[in-house]
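The block underneath contains the structure these notes are about, expressed in structure tokens.
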Amino acid sequence: MSWIRETELRLIERLTANILKAGPMPKHVAFIMDGNRRYAQKKHVERKEGHTQGFDKLAETLRWCLNLGIHEVTVYAFSIENFKRSREEVDGLIELARQKFSRLLTEKENLEKHGVCIRVLGDLTLLPEDLQQLIAKAVVSTRAHNKCFLNVCFAYTSRHEIANAVKEMAWGVEQGLIKSSDVSEGLLSQCLYSSNSPNPDLLIRTSGEVRLSDFLLWQTSYSCLVFQSILWPEYSFWNLCDAILQYQLSSQSLQKARDLHKEDQVLQQMEADRTCVTELLHHHGNGKPMDAQSQETMLLNYIASREERVRCFLNALQHKRDTFINDLSSQAVIA
Ligand code: FPP
Ligand code: MG
């Protein structure tokens, strides 16, 4: 099956979609697509078939999301923890990914028509080289599209992502691009694999498990979390509507919490900038007291130079990441 299923909603589904759309809609939805193996067991088919049907359900869900006006979706397709599964199952999941990313490269026109940009979030170096190359080609071939975004978390865990972001900031300090005092919650967010996306509004986990399993821990602090008992390959349009309804019921309080957090971050940054300027005055001042206006000018200059440093660092980081993907993408796929 292709990455986006080409079917229209039925009349009753269209009516429901329109009713839901009268309320606040999530712009970005994340899925932990859990329950493929239990589904396989229930249907007496091989595990591999459970995962294949899991992919087909993803293609169907993407179509529903587009019909509901949800233009960003993030899915947990392969966790770093999944490497600990049996050799046979890991090989099967890697082979499924090979097939689907190869297929994606033949579907460029369809993805262009829908304006789908596919991003892969994770540590690609943990994957076989041919899959790294296929993924890079898929990412490069859709990166100019901007109508909707599918973020596929592959060889991903949140802790690995956060640790990697910390390493990137340490690299920035080592290279003299930023100062250690520039490290902040906001900067860490911009060093995550997900830096080009807004945080998910809604996170859905299927199969009845009530935990996040190291998925988007940083990004979902203010998201509506919905746990549904249905197994992923059996997920339906109605399950999605139910989750959206739960989001709508909590969206006001979530928005308030987000606004408060944003205000808090601004205040924290202001405090950090004032502390840095006070230290500078202490170390480099000539002992004479400075009037309030000069102190304010010094603070403004400090903020401008910090912002410029951070901008250059983030450009360098983006360049490093682009070079990695471009180099992989230009290599012939070695099977
Ligand atoms: C969790 O169910 C699912 C996975 C570990 C794999 C999910 C992958 C897909 C749906 C295919 C996506 C592929 C691409 C290329 C995007 P489980 O195996 O944990 O099942 P269980 O909870 O019943 O044991
Ligand atoms: Mg599971």
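Ligands are numbered from 1 in the order shown, residues from 1 within each chain, and chains are lettered A, B, ... in the order they appear in the structure tokens.
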
Determine, using only C-alpha atoms and all ligand atoms, which residues of chain A have any atom at most 9 Å from an atom of ligand 1, and tabulate each with its shortest atom pair and distance in Å to one decimal place, rows ordered by chain and then rising number, as a tab-separated table.
residue	atom	partner	partner_atom_place_in_ligand_line	distance
A:Trp3	CA	ligand 1	16 (C)	8.5
A:Ile32	CA	ligand 1	1 (C)	7.4
A:Met33	CA	ligand 1	3 (C)	5.4
A:Asp34	CA	ligand 1	1 (C)	3.8
A:Gly35	CA	ligand 1	23 (O)	3.3
A:Asn36	CA	ligand 1	20 (O)	3.9
A:Arg37	CA	ligand 1	23 (O)	3.7
A:Arg38	CA	ligand 1	23 (O)	3.6
A:Tyr39	CA	ligand 1	23 (O)	6.2
A:Ala40	CA	ligand 1	23 (O)	7.8
A:Gln41	CA	ligand 1	23 (O)	8.3
A:Arg47	CA	ligand 1	18 (O)	7.9
A:Gly50	CA	ligand 1	18 (O)	7.9
A:His51	CA	ligand 1	9 (C)	5.2
A:Thr52	CA	ligand 1	11 (C)	6.3
A:Gln53	CA	ligand 1	10 (C)	7.3
A:Gly54	CA	ligand 1	10 (C)	3.8
A:Phe55	CA	ligand 1	11 (C)	4.1
A:Asp56	CA	ligand 1	10 (C)	7.7
A:Lys57	CA	ligand 1	10 (C)	7.4
A:Leu58	CA	ligand 1	10 (C)	6.5
A:Val75	CA	ligand 1	16 (C)	7.6
A:Tyr76	CA	ligand 1	7 (C)	6.6
A:Ala77	CA	ligand 1	8 (C)	4.2
A:Phe78	CA	ligand 1	5 (C)	5.6
A:Ser79	CA	ligand 1	5 (C)	6.9
A:Asn82	CA	ligand 1	5 (C)	6.4
A:Glu89	CA	ligand 1	18 (O)	8.9
A:Leu93	CA	ligand 1	6 (C)	7.1
A:Ile94	CA	ligand 1	15 (C)	8.1
A:Glu95	CA	ligand 1	15 (C)	8.9
A:Leu96	CA	ligand 1	15 (C)	6.1
A:Ala97	CA	ligand 1	15 (C)	3.8
A:Arg98	CA	ligand 1	15 (C)	7.3
A:Gln99	CA	ligand 1	15 (C)	7.8
A:Lys100	CA	ligand 1	15 (C)	5.4
A:Phe101	CA	ligand 1	15 (C)	6.5
A:Val152	CA	ligand 1	16 (C)	6.1
A:Cys153	CA	ligand 1	16 (C)	8.1
A:Phe154	CA	ligand 1	16 (C)	7.9
A:Thr206	CA	ligand 1	22 (O)	8.8
A:Ser207	CA	ligand 1	22 (O)	6.7
A:Glu209	CA	ligand 1	22 (O)	8.2
A:Leu231	CA	ligand 1	23 (O)	7.3
A:Trp232	CA	ligand 1	2 (O)	7.5
A:Pro233	CA	ligand 1	10 (C)	7.9

>> Can you tell me, as a PyMOL selection string, which residues in stretch 21-246 of chain A count as alpha helix (DSSP H) by DSSP?
In response: chain A and resi 21+36-42+47-67+87-106+108-114+129-142+158-174+185-191+237-246

>> I need the residue nearest ligand 2 from this list: A:Gln246, A:Ser213, A:Gln268, A:Thr297. Use only C-alpha atoms and all ligand atoms for the distance.
In response: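 Ranking A:Gln246, A:Ser213, A:Gln268, A:Thr297 by distance to ligand 2, first place goes to A:Ser213.
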
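You can rank A:Glu81, A:Glu13, A:Glu49, A:Glu234 by their closest distance to ligand 2 using only C-alpha atoms and all ligand atoms, and at the top of that list sits A:Glu81.
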
>> Taking only C-alpha atoms and all ligand atoms into account, name the residue in A:Ala272, A:Val210, A:Leu249, A:Leu217 that is nearest to ligand 2.
In response: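 Going through A:Ala272, A:Val210, A:Leu249, A:Leu217 one by one, the smallest distance to ligand 2 is for A:Val210.
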
Rows by chain and residue number, stretch 169-248 of chain A within 12 Å of stretch 307-324 of chain A, shortest pair, only C-alpha atoms, as a tab-separated table:
residue	atom	partner	partner_atom	distance
A:Met169	CA	A:Phe313	CA	8.8
A:Ala170	CA	A:Phe313	CA	11.2
A:Trp171	CA	A:Leu317	CA	9.5
A:Gly172	CA	A:Phe313	CA	6.4
A:Val173	CA	A:Phe313	CA	9.2
A:Glu174	CA	A:Phe313	CA	11.4
A:Gln175	CA	A:Phe313	CA	9.3
A:Gly176	CA	A:Phe313	CA	9.2
A:Leu177	CA	A:Phe313	CA	5.5
A:Ile178	CA	A:Arg309	CA	5.8
A:Lys179	CA	A:Arg309	CA	8.4
A:Ser180	CA	A:Val310	CA	11.2
A:Ser181	CA	A:Val310	CA	11.1
A:Asp182	CA	A:Val310	CA	7.5
A:Val183	CA	A:Val310	CA	9.3
A:Ser184	CA	A:Val310	CA	10.7
A:Gly186	CA	A:Val310	CA	10.8
A:Leu187	CA	A:Val310	CA	8.0
A:Leu188	CA	A:Leu314	CA	10.7
A:Ser189	CA	A:Leu314	CA	11.3
A:Gln190	CA	A:Leu314	CA	7.8
A:Cys191	CA	A:Leu314	CA	7.8
A:Leu192	CA	A:Leu317	CA	10.7
A:Tyr193	CA	A:Arg321	CA	9.7
A:Ser195	CA	A:Gln318	CA	10.1
A:Asn196	CA	A:Gln318	CA	10.4

Could you take the residues named above and write them with C-alpha atoms, as a PDB file, in the first residue's frame?
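Final file, part-v8.pdb:
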ATOM      1  CA  MET A 169      25.073  22.221  22.495  1.00  0.00           C
ATOM      2  CA  ALA A 170      28.375  20.985  23.996  1.00  0.00           C
ATOM      3  CA  TRP A 171      29.758  20.882  20.421  1.00  0.00           C
ATOM      4  CA  GLY A 172      28.573  24.474  19.915  1.00  0.00           C
ATOM      5  CA  VAL A 173      30.405  25.594  23.074  1.00  0.00           C
ATOM      6  CA  GLU A 174      33.567  23.659  22.053  1.00  0.00           C
ATOM      7  CA  GLN A 175      33.520  25.276  18.608  1.00  0.00           C
ATOM      8  CA  GLY A 176      33.191  28.707  20.253  1.00  0.00           C
ATOM      9  CA  LEU A 177      29.834  29.283  18.519  1.00  0.00           C
ATOM     10  CA  ILE A 178      27.872  29.697  21.766  1.00  0.00           C
ATOM     11  CA  LYS A 179      28.711  30.277  25.422  1.00  0.00           C
ATOM     12  CA  SER A 180      27.683  27.850  28.134  1.00  0.00           C
ATOM     13  CA  SER A 181      25.456  30.643  29.499  1.00  0.00           C
ATOM     14  CA  ASP A 182      23.467  30.506  26.204  1.00  0.00           C
ATOM     15  CA  VAL A 183      22.227  27.004  27.079  1.00  0.00           C
ATOM     16  CA  SER A 184      18.545  27.181  27.930  1.00  0.00           C
ATOM     17  CA  GLY A 186      14.469  26.990  24.507  1.00  0.00           C
ATOM     18  CA  LEU A 187      17.861  26.263  22.927  1.00  0.00           C
ATOM     19  CA  LEU A 188      17.626  22.583  23.841  1.00  0.00           C
ATOM     20  CA  SER A 189      14.216  22.412  22.117  1.00  0.00           C
ATOM     21  CA  GLN A 190      15.821  23.842  18.989  1.00  0.00           C
ATOM     22  CA  CYS A 191      18.508  21.137  19.034  1.00  0.00           C
ATOM     23  CA  LEU A 192      16.042  18.232  19.112  1.00  0.00           C
ATOM     24  CA  TYR A 193      15.331  16.204  15.954  1.00  0.00           C
ATOM     25  CA  SER A 195      13.061  21.341  16.046  1.00  0.00           C
ATOM     26  CA  ASN A 196      11.218  22.095  12.796  1.00  0.00           C
TER      27      ASN A 196
END

> What's the 12 Å shell around A:Asn301, counting only C-alpha atoms, without same-chain residues fewer than 4 positions away, as number ranges by chain?
Replying inline: A: 273-274, 276-277, 294-297, 305-308

I need the residues from that last selection saved to file as an mmCIF file, in the first residue's frame (with all heavy atoms), if you can.
data_model
loop_
_atom_site.group_PDB
_atom_site.id
_atom_site.type_symbol
_atom_site.label_atom_id
_atom_site.label_comp_id
_atom_site.auth_asym_id
_atom_site.auth_seq_id
_atom_site.Cartn_x
_atom_site.Cartn_y
_atom_site.Cartn_z
ATOM 1 N N ASP A 273 19.768 36.742 31.335
ATOM 2 C CA ASP A 273 20.495 37.820 30.652
ATOM 3 C C ASP A 273 20.967 38.867 31.658
ATOM 4 O O ASP A 273 22.112 39.335 31.595
ATOM 5 C CB ASP A 273 19.597 38.465 29.588
ATOM 6 C CG ASP A 273 19.411 37.576 28.366
ATOM 7 O OD1 ASP A 273 20.304 36.749 28.098
ATOM 8 O OD2 ASP A 273 18.376 37.690 27.686
ATOM 9 N N ARG A 274 20.099 39.217 32.606
ATOM 10 C CA ARG A 274 20.482 40.229 33.618
ATOM 11 C C ARG A 274 21.654 39.719 34.455
ATOM 12 O O ARG A 274 22.599 40.472 34.739
ATOM 13 C CB ARG A 274 19.295 40.543 34.537
ATOM 14 C CG ARG A 274 18.294 41.480 33.885
ATOM 15 C CD ARG A 274 17.334 42.109 34.890
ATOM 16 N NE ARG A 274 16.292 42.824 34.175
ATOM 17 C CZ ARG A 274 16.429 44.039 33.672
ATOM 18 N NH1 ARG A 274 17.565 44.696 33.827
ATOM 19 N NH2 ARG A 274 15.440 44.611 33.011
ATOM 20 N N CYS A 276 23.977 37.622 33.536
ATOM 21 C CA CYS A 276 25.205 37.659 32.720
ATOM 22 C C CYS A 276 25.762 39.076 32.653
ATOM 23 O O CYS A 276 26.977 39.284 32.766
ATOM 24 C CB CYS A 276 24.919 37.150 31.306
ATOM 25 S SG CYS A 276 24.695 35.381 31.254
ATOM 26 N N VAL A 277 24.862 40.061 32.460
ATOM 27 C CA VAL A 277 25.319 41.456 32.350
ATOM 28 C C VAL A 277 25.912 41.906 33.692
ATOM 29 O O VAL A 277 26.976 42.562 33.727
ATOM 30 C CB VAL A 277 24.154 42.373 31.900
ATOM 31 C CG1 VAL A 277 24.527 43.827 32.031
ATOM 32 C CG2 VAL A 277 23.783 42.051 30.459
ATOM 33 N N SER A 294 22.631 53.427 31.067
ATOM 34 C CA SER A 294 23.772 52.714 30.464
ATOM 35 C C SER A 294 23.651 51.225 30.715
ATOM 36 O O SER A 294 23.993 50.398 29.861
ATOM 37 C CB SER A 294 25.093 53.210 31.049
ATOM 38 O OG SER A 294 25.147 54.605 30.989
ATOM 39 N N GLN A 295 23.156 50.873 31.930
ATOM 40 C CA GLN A 295 22.981 49.433 32.238
ATOM 41 C C GLN A 295 21.960 48.806 31.298
ATOM 42 O O GLN A 295 22.159 47.696 30.802
ATOM 43 C CB GLN A 295 22.488 49.268 33.673
ATOM 44 C CG GLN A 295 23.610 49.333 34.679
ATOM 45 C CD GLN A 295 23.157 48.942 36.070
ATOM 46 O OE1 GLN A 295 22.273 48.106 36.229
ATOM 47 N NE2 GLN A 295 23.750 49.557 37.072
ATOM 48 N N GLU A 296 20.870 49.574 31.019
ATOM 49 C CA GLU A 296 19.815 49.066 30.132
ATOM 50 C C GLU A 296 20.375 48.879 28.709
ATOM 51 O O GLU A 296 20.100 47.890 28.040
ATOM 52 C CB GLU A 296 18.643 50.075 30.143
ATOM 53 C CG GLU A 296 17.261 49.477 29.976
ATOM 54 C CD GLU A 296 16.939 48.268 30.856
ATOM 55 O OE1 GLU A 296 17.408 48.205 32.015
ATOM 56 O OE2 GLU A 296 16.251 47.383 30.358
ATOM 57 N N THR A 297 21.190 49.869 28.258
ATOM 58 C CA THR A 297 21.794 49.768 26.919
ATOM 59 C C THR A 297 22.708 48.547 26.855
ATOM 60 O O THR A 297 22.706 47.789 25.878
ATOM 61 C CB THR A 297 22.627 51.043 26.608
ATOM 62 O OG1 THR A 297 21.809 52.159 26.889
ATOM 63 C CG2 THR A 297 23.097 51.082 25.180
ATOM 64 N N SER A 305 23.632 40.371 21.058
ATOM 65 C CA SER A 305 24.778 39.527 20.691
ATOM 66 C C SER A 305 24.482 38.058 21.022
ATOM 67 O O SER A 305 24.900 37.160 20.283
ATOM 68 C CB SER A 305 26.083 40.008 21.331
ATOM 69 O OG SER A 305 25.960 39.989 22.722
ATOM 70 N N ARG A 306 23.753 37.806 22.111
ATOM 71 C CA ARG A 306 23.389 36.405 22.410
ATOM 72 C C ARG A 306 22.519 35.836 21.292
ATOM 73 O O ARG A 306 22.751 34.722 20.809
ATOM 74 C CB ARG A 306 22.642 36.308 23.749
ATOM 75 C CG ARG A 306 22.090 34.904 23.997
ATOM 76 C CD ARG A 306 21.356 34.757 25.306
ATOM 77 N NE ARG A 306 20.260 35.678 25.495
ATOM 78 C CZ ARG A 306 19.079 35.598 24.879
ATOM 79 N NH1 ARG A 306 18.848 34.656 23.981
ATOM 80 N NH2 ARG A 306 18.133 36.491 25.128
ATOM 81 N N GLU A 307 21.524 36.643 20.848
ATOM 82 C CA GLU A 307 20.632 36.148 19.792
ATOM 83 C C GLU A 307 21.403 35.859 18.504
ATOM 84 O O GLU A 307 21.136 34.889 17.806
ATOM 85 C CB GLU A 307 19.490 37.142 19.558
ATOM 86 C CG GLU A 307 18.494 37.075 20.701
ATOM 87 C CD GLU A 307 17.336 38.078 20.592
ATOM 88 O OE1 GLU A 307 17.410 39.008 19.757
ATOM 89 O OE2 GLU A 307 16.385 37.929 21.358
ATOM 90 N N GLU A 308 22.374 36.697 18.207
ATOM 91 C CA GLU A 308 23.179 36.505 16.996
ATOM 92 C C GLU A 308 24.028 35.226 17.107
ATOM 93 O O GLU A 308 24.120 34.440 16.158
ATOM 94 C CB GLU A 308 24.061 37.746 16.782
ATOM 95 C CG GLU A 308 24.974 37.727 15.570
ATOM 96 C CD GLU A 308 24.232 37.554 14.242
ATOM 97 O OE1 GLU A 308 23.002 37.719 14.201
ATOM 98 O OE2 GLU A 308 24.910 37.211 13.243
#

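Among the candidate residues A:Cys224, A:Ala22, A:Leu66, A:Ala332, the one lying nearest to A:Gln255 is A:Cys224, with distances computed using only C-alpha atoms.
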
> Quick one: DSSP strand (DSSP E) residues in stretch 48-86 of chain A, as number ranges by chain?
Replying inline: A: 72-79

> Do you have the atom CA of A:His114-atom CA of A:Asn146 distance handy?
Replying inline: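 So the answer is 9.2 Å.
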
> What does the distance between atom CA of A:Glu109 and atom CA of A:Thr7 come to in Å, to one decimal place?
Replying inline: 17.0 Å

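The closest residue to A:Gly122, picked from A:Ala138, A:Val45, A:Leu216, A:Val166 and counting only C-alpha atoms, is A:Leu216.
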
> Of the candidates A:Ile80, A:Gln133, A:Glu279, A:Gly208, which shows the shortest atom-to-atom distance to ligand 2, using only C-alpha atoms and all ligand atoms?
Replying inline: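 Ranked by minimum distance to ligand 2, first place goes to A:Gly208.
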
>> Report, in Å with one decimal, the straight-line distance from atom 1 (Mg, counted along the ligand's line) of ligand 2 to atom CA of A:Trp238.
In response: 21.8 Å

>> Give me the residues near A:Ile334 as a ChimeraX atom specification, where near means some atom within 12 Å (using only C-alpha atoms) and where sequence neighbours in that chain fewer than 6 positions away do not count.
In response: /A:128-134,328

>> At a cut-off of 9 Å, using only C-alpha atoms, what residues contact A:Met25? Leave out same-chain residues fewer than 5 positions from it and give the result as number ranges by chain.
In response: A: 20, 68-70, 201, 244-245, 247-248, 251

>> Neighbouring residues of A:Val73 were defined as those with any atom within 6 Å, considering only C-alpha atoms; residues of the same chain fewer than 6 positions away were excluded. Please report them as a VMD selection string.
In response: chain A and resid 28 to 30 150
